[in-house]
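Content type TSV, C-alpha atoms, from the file start-v4.tsv:
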chain	number	residue	atom	x	y	z
A	1	MET	CA	-10.06	3.29	13.51
A	2	SER	CA	-7.20	5.67	14.34
A	3	ALA	CA	-7.50	9.45	14.23
A	4	LEU	CA	-4.90	9.42	11.45
A	5	HIS	CA	-7.43	7.69	9.24
A	6	SER	CA	-9.23	10.94	8.56
A	7	ILE	CA	-6.13	13.03	7.83
A	8	ASP	CA	-5.64	13.91	4.18
A	9	ASP	CA	-2.61	12.76	2.21
A	10	ALA	CA	-0.71	16.03	2.63
A	11	GLY	CA	-1.19	16.05	6.39
A	12	LEU	CA	-0.12	12.43	6.62
A	13	VAL	CA	3.05	13.05	4.61
A	14	ALA	CA	3.94	16.02	6.81
A	15	ARG	CA	3.58	13.85	9.91
A	16	CYS	CA	5.63	11.05	8.38
A	17	ARG	CA	8.38	13.52	7.57
A	18	ALA	CA	8.32	14.69	11.20
A	19	GLY	CA	9.07	11.12	12.30
A	20	ASP	CA	5.59	9.98	13.34
A	21	ASP	CA	5.68	6.16	13.09
A	22	ALA	CA	1.91	5.83	13.41
A	23	ALA	CA	1.47	8.21	10.47
A	24	TRP	CA	3.90	6.11	8.44
A	25	GLU	CA	1.88	2.98	9.19
A	26	GLU	CA	-1.29	4.76	8.10
A	27	LEU	CA	0.43	5.83	4.87
A	28	VAL	CA	1.50	2.24	4.19
A	29	ARG	CA	-2.02	0.96	4.87
A	30	ARG	CA	-3.61	3.73	2.77
A	31	PHE	CA	-1.56	2.89	-0.33
A	32	SER	CA	-0.84	-0.83	0.17
A	33	ARG	CA	-3.76	-2.06	-1.95
A	34	TYR	CA	-2.96	0.44	-4.71
A	35	VAL	CA	0.71	-0.56	-4.92
A	36	LEU	CA	-0.15	-4.26	-4.94
A	37	ALA	CA	-2.81	-3.79	-7.60
A	38	ILE	CA	-0.47	-1.85	-9.88
A	39	ALA	CA	2.12	-4.63	-9.66
A	40	GLN	CA	-0.28	-7.54	-10.02
A	41	GLN	CA	-3.04	-6.18	-12.23
A	42	GLY	CA	-1.13	-3.53	-14.18
A	43	PHE	CA	2.05	-5.51	-14.74
A	44	ARG	CA	0.80	-9.06	-14.05
A	45	MET	CA	3.63	-9.75	-11.66
A	46	SER	CA	3.95	-12.98	-9.75
A	47	THR	CA	3.27	-12.83	-6.02
A	48	SER	CA	6.98	-13.08	-5.30
A	49	ASP	CA	7.94	-10.23	-7.67
A	50	ALA	CA	4.98	-8.17	-6.43
A	51	GLU	CA	6.17	-8.57	-2.85
A	52	ASP	CA	9.67	-7.37	-3.75
A	53	VAL	CA	8.27	-4.37	-5.61
A	54	PHE	CA	5.86	-3.65	-2.75
A	55	GLN	CA	8.65	-3.52	-0.14
A	56	GLU	CA	10.92	-1.52	-2.44
A	57	VAL	CA	8.19	1.04	-3.14
A	58	PHE	CA	7.69	1.73	0.56
A	59	ALA	CA	11.42	1.69	1.32
A	60	ARG	CA	12.01	4.35	-1.36
A	61	THR	CA	8.95	6.29	-0.32
A	62	TYR	CA	10.29	6.39	3.23
A	63	GLU	CA	13.74	7.52	2.08
A	64	ARG	CA	12.51	10.11	-0.41
A	65	LEU	CA	9.49	11.71	1.21
A	66	GLY	CA	11.61	14.82	1.54
A	67	ASP	CA	11.94	15.02	-2.25
A	68	LEU	CA	8.20	15.42	-2.78
A	69	ARG	CA	7.49	18.82	-4.33
A	70	SER	CA	3.99	18.88	-2.97
A	71	ASP	CA	2.76	16.78	-0.06
A	72	ASP	CA	-0.65	16.26	-1.62
A	73	ALA	CA	1.02	14.72	-4.70
A	74	VAL	CA	2.04	11.59	-2.81
A	75	ARG	CA	-0.53	9.43	-4.56
A	76	PRO	CA	0.60	10.02	-8.18
A	77	TRP	CA	4.19	9.94	-6.93
A	78	ILE	CA	3.73	6.47	-5.40
A	79	ALA	CA	1.94	5.30	-8.56
A	80	GLN	CA	4.81	6.51	-10.71
A	81	LEU	CA	7.42	4.97	-8.42
A	82	THR	CA	5.58	1.63	-8.45
A	83	ARG	CA	5.31	1.73	-12.21
A	84	ARG	CA	9.03	2.47	-12.61
A	85	LEU	CA	10.06	-0.31	-10.22
A	86	CYS	CA	7.80	-2.81	-12.00
A	87	ILE	CA	9.34	-1.88	-15.35
A	88	ASP	CA	12.86	-2.20	-13.88
A	89	ARG	CA	12.01	-5.61	-12.53
A	90	ILE	CA	10.57	-6.81	-15.84
A	91	ARG	CA	13.65	-5.56	-17.69
A	92	ALA	CA	15.96	-7.26	-15.19
A	93	GLY	CA	14.10	-10.55	-15.56
A	94	SER	CA	13.56	-12.77	-18.52
A	95	ARG	CA	9.96	-11.84	-19.24
A	96	GLU	CA	9.59	-11.14	-22.92
A	97	VAL	CA	7.22	-8.38	-24.02
A	98	LEU	CA	6.09	-9.13	-27.56
A	99	ASP	CA	4.53	-5.75	-28.28
A	100	PRO	CA	5.90	-3.09	-25.90
A	101	ASP	CA	3.55	-0.36	-27.21
A	102	ALA	CA	0.46	-2.49	-26.73
A	103	ALA	CA	1.71	-3.55	-23.29
A	104	GLU	CA	2.29	0.09	-22.36
A	105	ARG	CA	-1.23	1.05	-23.47
A	106	GLU	CA	-2.68	-1.83	-21.50
A	107	VAL	CA	-0.79	-0.73	-18.38
A	108	ASP	CA	-1.99	2.87	-18.84
A	109	GLU	CA	-5.59	1.71	-19.02
A	110	SER	CA	-5.15	-0.52	-16.01
A	111	LEU	CA	-3.54	2.25	-13.95
A	112	GLU	CA	-6.32	4.65	-14.89
A	113	ARG	CA	-8.87	2.15	-13.59
A	114	LEU	CA	-6.87	1.55	-10.39
A	115	ASP	CA	-6.60	5.27	-9.79
A	116	GLU	CA	-10.35	5.49	-10.05
A	117	ALA	CA	-10.64	2.48	-7.74
A	118	LEU	CA	-8.47	4.20	-5.16
A	119	SER	CA	-10.79	7.22	-5.23
A	120	VAL	CA	-13.74	4.93	-4.55
A	121	ARG	CA	-11.70	3.26	-1.81
A	122	GLU	CA	-11.05	6.67	-0.22
A	123	ALA	CA	-14.77	7.39	-0.26
A	124	LEU	CA	-15.36	4.01	1.37
A	125	GLU	CA	-12.80	4.80	4.07
A	126	ALA	CA	-14.74	7.96	4.93
A	127	MET	CA	-17.95	6.02	5.55
A	128	PRO	CA	-19.27	4.93	8.97
A	129	ASP	CA	-17.60	1.75	10.29
A	130	ALA	CA	-20.61	-0.52	9.76
A	131	CYS	CA	-20.94	0.28	6.06
A	132	ARG	CA	-17.22	0.34	5.44
A	133	GLU	CA	-16.77	-3.08	6.97
A	134	ILE	CA	-19.63	-4.83	5.22
A	135	LEU	CA	-18.68	-3.43	1.79
A	136	ASP	CA	-15.01	-4.24	2.31
A	137	ARG	CA	-15.80	-7.81	3.36
A	138	PHE	CA	-18.15	-8.43	0.45
A	139	PHE	CA	-16.38	-6.71	-2.43
A	140	CYS	CA	-12.70	-6.58	-1.47
A	141	ARG	CA	-12.32	-9.72	0.65
A	142	ASP	CA	-14.84	-11.72	-1.35
A	143	GLU	CA	-16.58	-13.08	1.75
A	144	SER	CA	-19.94	-14.83	1.45
A	145	TYR	CA	-23.13	-13.57	3.11
A	146	ALA	CA	-22.84	-16.45	5.60
A	147	VAL	CA	-19.25	-15.55	6.58
A	148	ILE	CA	-20.10	-11.86	6.86
A	149	GLY	CA	-23.19	-12.64	8.90
A	150	THR	CA	-21.25	-14.81	11.31
A	151	SER	CA	-18.38	-12.32	11.66
A	152	LEU	CA	-20.63	-9.33	12.24
A	153	GLY	CA	-23.32	-11.13	14.22
A	154	LEU	CA	-26.02	-10.38	11.64
A	155	PRO	CA	-28.63	-12.72	10.14
A	156	ALA	CA	-27.37	-13.81	6.70
A	157	GLY	CA	-30.74	-12.81	5.23
A	158	THR	CA	-30.15	-9.13	6.03
A	159	ILE	CA	-26.68	-8.90	4.50
A	160	ALA	CA	-27.81	-8.30	0.90
A	161	SER	CA	-30.09	-5.43	1.87
A	162	ARG	CA	-27.38	-3.87	4.04
A	163	ILE	CA	-24.88	-4.09	1.21
A	164	SER	CA	-27.36	-2.46	-1.13
A	165	ARG	CA	-28.11	0.31	1.36
A	166	CYS	CA	-24.41	0.95	2.00
A	167	LEU	CA	-23.64	0.97	-1.72
A	168	GLY	CA	-26.29	3.63	-2.14
A	169	LYS	CA	-24.66	5.71	0.61
A	170	LEU	CA	-21.25	5.25	-0.98
A	171	ARG	CA	-22.64	6.41	-4.28
A	172	GLN	CA	-23.99	9.53	-2.60
A	173	GLN	CA	-20.60	10.06	-1.00
A	174	LEU	CA	-18.90	9.80	-4.40
A	175	GLU	CA	-21.28	12.31	-5.95
A	176	GLY	CA	-19.90	14.96	-3.67
A	177	ARG	CA	-16.25	14.37	-4.58
A	178	GLU	CA	-13.97	15.81	-7.18
A	179	PRO	CA	-12.78	13.37	-9.85
A	180	PRO	CA	-9.30	11.88	-9.28
A	181	SER	CA	-6.25	13.49	-10.85
A	182	PRO	CA	-4.35	11.20	-13.22
A	183	ALA	CA	-1.57	9.06	-11.72
A	184	SER	CA	1.05	9.76	-14.32
B	1	MET	CA	-18.39	16.14	-9.08
B	2	MET	CA	-18.41	12.45	-9.92
B	3	ASN	CA	-20.91	11.69	-12.69
B	4	GLU	CA	-23.60	9.13	-13.36
B	5	MET	CA	-21.16	6.46	-14.57
B	6	TYR	CA	-20.73	5.64	-10.88
B	7	ASP	CA	-23.70	3.35	-10.71
B	8	GLU	CA	-23.71	0.75	-7.98
B	9	GLU	CA	-22.48	-2.05	-10.21
B	10	ARG	CA	-19.48	0.02	-11.25
B	11	ILE	CA	-18.73	0.97	-7.65
B	12	GLY	CA	-18.74	-2.73	-6.80
B	13	GLN	CA	-16.31	-3.47	-9.65
B	14	LEU	CA	-13.97	-0.71	-8.52
B	15	LEU	CA	-14.06	-1.88	-4.91
B	16	ARG	CA	-13.16	-5.39	-6.10
B	17	ALA	CA	-10.17	-3.98	-7.99
B	18	LEU	CA	-8.32	-3.24	-4.75
B	19	PRO	CA	-8.14	-6.37	-2.62
B	20	PRO	CA	-6.06	-6.11	0.56
B	21	ALA	CA	-2.32	-6.68	0.46
B	22	PRO	CA	-1.10	-9.57	2.65
B	23	GLU	CA	-0.95	-8.32	6.24
B	24	ALA	CA	2.64	-9.54	6.67
B	25	TRP	CA	3.77	-7.33	3.78
B	26	VAL	CA	1.95	-4.34	5.23
B	27	GLN	CA	3.45	-4.91	8.68
B	28	ALA	CA	6.97	-5.29	7.28
B	29	ALA	CA	6.62	-1.97	5.45
B	30	ALA	CA	5.03	-0.33	8.50
B	31	ARG	CA	8.00	-1.36	10.67
B	32	LEU	CA	10.42	0.43	8.36
B	33	PRO	CA	11.10	3.46	10.59
B	34	ALA	CA	11.86	1.27	13.63
B	35	THR	CA	14.00	-1.02	11.49
B	36	ARG	CA	15.99	1.88	10.07
B	37	ARG	CA	16.53	3.31	13.55
B	38	ALA	CA	17.81	-0.03	14.85
B	39	ILE	CA	20.25	-0.34	11.96
B	40	ASP	CA	21.39	3.26	12.50
B	41	GLN	CA	22.00	2.41	16.15
B	42	ILE	CA	24.09	-0.68	15.36
B	43	ALA	CA	26.07	1.25	12.73
B	44	ALA	CA	26.74	4.13	15.15
B	45	LEU	CA	27.93	1.80	17.90
B	46	ALA	CA	30.12	-0.11	15.45
B	47	ALA	CA	31.61	3.10	14.10
B	48	ALA	CA	32.73	4.02	17.62
B	49	ASP	CA	34.15	0.61	18.53
B	50	ALA	CA	36.40	-1.30	16.11
B	51	GLU	CA	36.12	-4.56	18.04
B	52	LEU	CA	32.33	-4.38	18.04
B	53	ARG	CA	32.40	-3.60	14.32
B	54	ARG	CA	34.42	-6.80	13.68
B	55	GLU	CA	31.98	-8.83	15.79
B	56	VAL	CA	28.96	-7.41	14.00
B	57	LEU	CA	30.50	-8.01	10.58
B	58	ALA	CA	31.28	-11.59	11.58
B	59	ASP	CA	27.66	-12.21	12.59
B	60	LEU	CA	25.33	-9.75	10.90
B	61	GLU	CA	22.29	-11.97	11.46
B	62	GLY	CA	23.04	-12.23	15.18
B	63	ALA	CA	23.46	-8.46	15.48
B	64	LEU	CA	20.04	-7.92	13.90
B	65	LEU	CA	18.42	-10.54	16.10
B	66	ARG	CA	19.86	-8.90	19.22
B	67	VAL	CA	17.99	-5.67	18.44
B	68	GLY	CA	14.79	-7.57	17.70
B	69	LEU	CA	14.95	-7.61	13.90
B	70	GLN	CA	14.40	-10.66	11.70
B	71	PRO	CA	17.58	-10.99	9.64
B	72	ASP	CA	16.09	-11.23	6.17
B	73	PRO	CA	18.57	-10.91	3.28
B	74	THR	CA	17.66	-7.29	2.52
B	75	LEU	CA	18.26	-6.20	6.11
B	76	VAL	CA	21.54	-8.13	6.31
B	77	ALA	CA	22.70	-6.43	3.09
B	78	ASP	CA	21.60	-3.01	4.43
B	79	LEU	CA	23.57	-3.51	7.62
B	80	ARG	CA	26.64	-4.72	5.74
B	81	ASP	CA	26.48	-1.62	3.52
B	82	ARG	CA	26.25	0.63	6.55
B	83	LEU	CA	29.35	-0.91	8.10
For this file, produce the structure as structure tokens.
Amino acid sequence: MSALHSIDDAGLVARCRAGDDAAWEELVRRFSRYVLAIAQQGFRMSTSDAEDVFQEVFARTYERLGDLRSDDAVRPWIAQLTRRLCIDRIRAGSREVLDPDAAEREVDESLERLDEALSVREALEAMPDACREILDRFFCRDESYAVIGTSLGLPAGTIASRISRCLGKLRQQLEGREPPSPAS
Amino acid sequence: MMNEMYDEERIGQLLRALPPAPEAWVQAAARLPATRRAIDQIAALAAADAELRREVLADLEGALLRVGLQPDPTLVADLRDRL
């Protein structure tokens, strides 16, 4: 894990703006899941459309980091940018939205959940490597106990208890955090 | 402080909500600064040399390959715009 991993969003943005390529990569990695989830879960985009939006979000982020009013606002800013680009893409395509108000409400609810998910993800990222890896493999990568056991060199029978223990630690970690600010 | 709604089942659901993006997408986005610098370099050289500019315009894909970039359509369009 790189040292940049532990830098907060504002610090990372400042380093990106100063031309630090490694900081840029960390920023992309930090928000990649969030951007993808907004496109695919919030707006139900196809993989192909989601990829175009994904690349466009980071291209614009790179070009416009200087426009950010506050470096620590990068997260809601990226969420808003992703949302806008998804809407542009839907309008440019042939997808028909039968009830725009209902669709908008559904997207709002989905984005609220994803924002919360990103806060949990950030707490996960702050955990020790062993817990972070086992929880990521099980919940985010959907790996079985057997696959996790083989990859990490652990008996499959101990995986469930480790996951449970790590979830408990993550919960404790979350209890010490402020709630997320809304994305939009 | 987070509240009691963060029980372990809910934490699991929220972790599942953010699966990883394909690594190739992440790497393409991560290479953006190097890509932009390479395009800037080609554009600057072409601006100073009319013959080179003609050669680059005639073979945009080749120009990108020579600086180590995969000539995908977006990059080719970017380079054309810059010239």
Please report, as JSON lines, each residue of chain B lying at most 10 Å from chain A, together with the nearest pair of atoms and the separation in Å rounded to one decimal; use only C-alpha atoms, and order rows by chain and ascending residue number.
{"residue": "B:Met1", "atom": "CA", "partner": "A:Glu178", "partner_atom": "CA", "distance": 4.8}
{"residue": "B:Met2", "atom": "CA", "partner": "A:Glu175", "partner_atom": "CA", "distance": 4.9}
{"residue": "B:Asn3", "atom": "CA", "partner": "A:Glu175", "partner_atom": "CA", "distance": 6.8}
{"residue": "B:Glu4", "atom": "CA", "partner": "A:Glu175", "partner_atom": "CA", "distance": 8.4}
{"residue": "B:Tyr6", "atom": "CA", "partner": "A:Arg171", "partner_atom": "CA", "distance": 6.9}
{"residue": "B:Asp7", "atom": "CA", "partner": "A:Arg171", "partner_atom": "CA", "distance": 7.2}
{"residue": "B:Glu8", "atom": "CA", "partner": "A:Leu167", "partner_atom": "CA", "distance": 6.3}
{"residue": "B:Glu9", "atom": "CA", "partner": "A:Leu167", "partner_atom": "CA", "distance": 9.1}
{"residue": "B:Arg10", "atom": "CA", "partner": "A:Ala117", "partner_atom": "CA", "distance": 9.8}
{"residue": "B:Ile11", "atom": "CA", "partner": "A:Val120", "partner_atom": "CA", "distance": 7.1}
{"residue": "B:Gly12", "atom": "CA", "partner": "A:Phe139", "partner_atom": "CA", "distance": 6.4}
{"residue": "B:Gln13", "atom": "CA", "partner": "A:Phe139", "partner_atom": "CA", "distance": 7.9}
{"residue": "B:Leu14", "atom": "CA", "partner": "A:Ala117", "partner_atom": "CA", "distance": 4.7}
{"residue": "B:Leu15", "atom": "CA", "partner": "A:Phe139", "partner_atom": "CA", "distance": 5.9}
{"residue": "B:Arg16", "atom": "CA", "partner": "A:Cys140", "partner_atom": "CA", "distance": 4.8}
{"residue": "B:Ala17", "atom": "CA", "partner": "A:Ala117", "partner_atom": "CA", "distance": 6.5}
{"residue": "B:Leu18", "atom": "CA", "partner": "A:Arg33", "partner_atom": "CA", "distance": 5.5}
{"residue": "B:Pro19", "atom": "CA", "partner": "A:Cys140", "partner_atom": "CA", "distance": 4.7}
{"residue": "B:Pro20", "atom": "CA", "partner": "A:Arg33", "partner_atom": "CA", "distance": 5.3}
{"residue": "B:Ala21", "atom": "CA", "partner": "A:Arg33", "partner_atom": "CA", "distance": 5.4}
{"residue": "B:Pro22", "atom": "CA", "partner": "A:Ser32", "partner_atom": "CA", "distance": 9.1}
{"residue": "B:Glu23", "atom": "CA", "partner": "A:Arg29", "partner_atom": "CA", "distance": 9.4}
{"residue": "B:Trp25", "atom": "CA", "partner": "A:Glu51", "partner_atom": "CA", "distance": 7.2}
{"residue": "B:Val26", "atom": "CA", "partner": "A:Arg29", "partner_atom": "CA", "distance": 6.6}
{"residue": "B:Gln27", "atom": "CA", "partner": "A:Glu25", "partner_atom": "CA", "distance": 8.1}
{"residue": "B:Ala28", "atom": "CA", "partner": "A:Gln55", "partner_atom": "CA", "distance": 7.8}
{"residue": "B:Ala29", "atom": "CA", "partner": "A:Gln55", "partner_atom": "CA", "distance": 6.1}
{"residue": "B:Ala30", "atom": "CA", "partner": "A:Glu25", "partner_atom": "CA", "distance": 4.6}
{"residue": "B:Arg31", "atom": "CA", "partner": "A:Glu25", "partner_atom": "CA", "distance": 7.6}
{"residue": "B:Leu32", "atom": "CA", "partner": "A:Ala59", "partner_atom": "CA", "distance": 7.2}
{"residue": "B:Pro33", "atom": "CA", "partner": "A:Asp21", "partner_atom": "CA", "distance": 6.6}
{"residue": "B:Ala34", "atom": "CA", "partner": "A:Asp21", "partner_atom": "CA", "distance": 7.9}
{"residue": "B:Arg36", "atom": "CA", "partner": "A:Ala59", "partner_atom": "CA", "distance": 9.9}
**Report entry** Separation of CA of Ser151 in chain A from CA of Arg165 in chain A in Å
**Finding:** 19.0 Å
Query - Polymer residues at most 8 Å from Leu83 in chain B, all atoms listed in the file, same-chain spacing of 5 or more positions, as a list in words - result: Ala43, Ala46, Ala47, Arg53 and Leu57 of chain B
Report summary line: Counting all atoms listed in the file, the residue among B:Leu52, B:Ala24, B:Leu45, B:Leu60 that lies closest to Pro73 in chain B is B:Leu60
Requested in this report: Find the distance between CA of Leu85 in chain A and CA of Arg30 in chain A and write it in Å to one decimal.
Outcome: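 Value for the CA of Leu85 in chain A-CA of Arg30 in chain A distance: 19.3 Å.
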**Report entry** Straight-line distance linking CA of Gly153 in chain A with CA of Arg132 in chain A, stated in Å to one decimal
**Finding:**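 Distance between the two atoms: 15.7 Å.
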Requested in this report: Please provide as a list in words all residues within 9 Å of Gln40 in chain A, with the sequence filter that same-chain residues fewer than 5 positions apart are discarded (counting only C-alpha atoms).
Outcome: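 Residues meeting the cut-off are Val35, Met45, Ser46, Thr47, Asp49 and Ala50 of chain A.
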Generate the output file for the selected residues, C-alpha atoms, as a PDB file, in the coordinates of the input.
ATOM      1  CA  VAL A  35       0.710  -0.560  -4.920  1.00  0.00           C
ATOM      2  CA  MET A  45       3.630  -9.750 -11.660  1.00  0.00           C
ATOM      3  CA  SER A  46       3.950 -12.980  -9.750  1.00  0.00           C
ATOM      4  CA  THR A  47       3.270 -12.830  -6.020  1.00  0.00           C
ATOM      5  CA  ASP A  49       7.940 -10.230  -7.670  1.00  0.00           C
ATOM      6  CA  ALA A  50       4.980  -8.170  -6.430  1.00  0.00           C
TER       7      ALA A  50
END
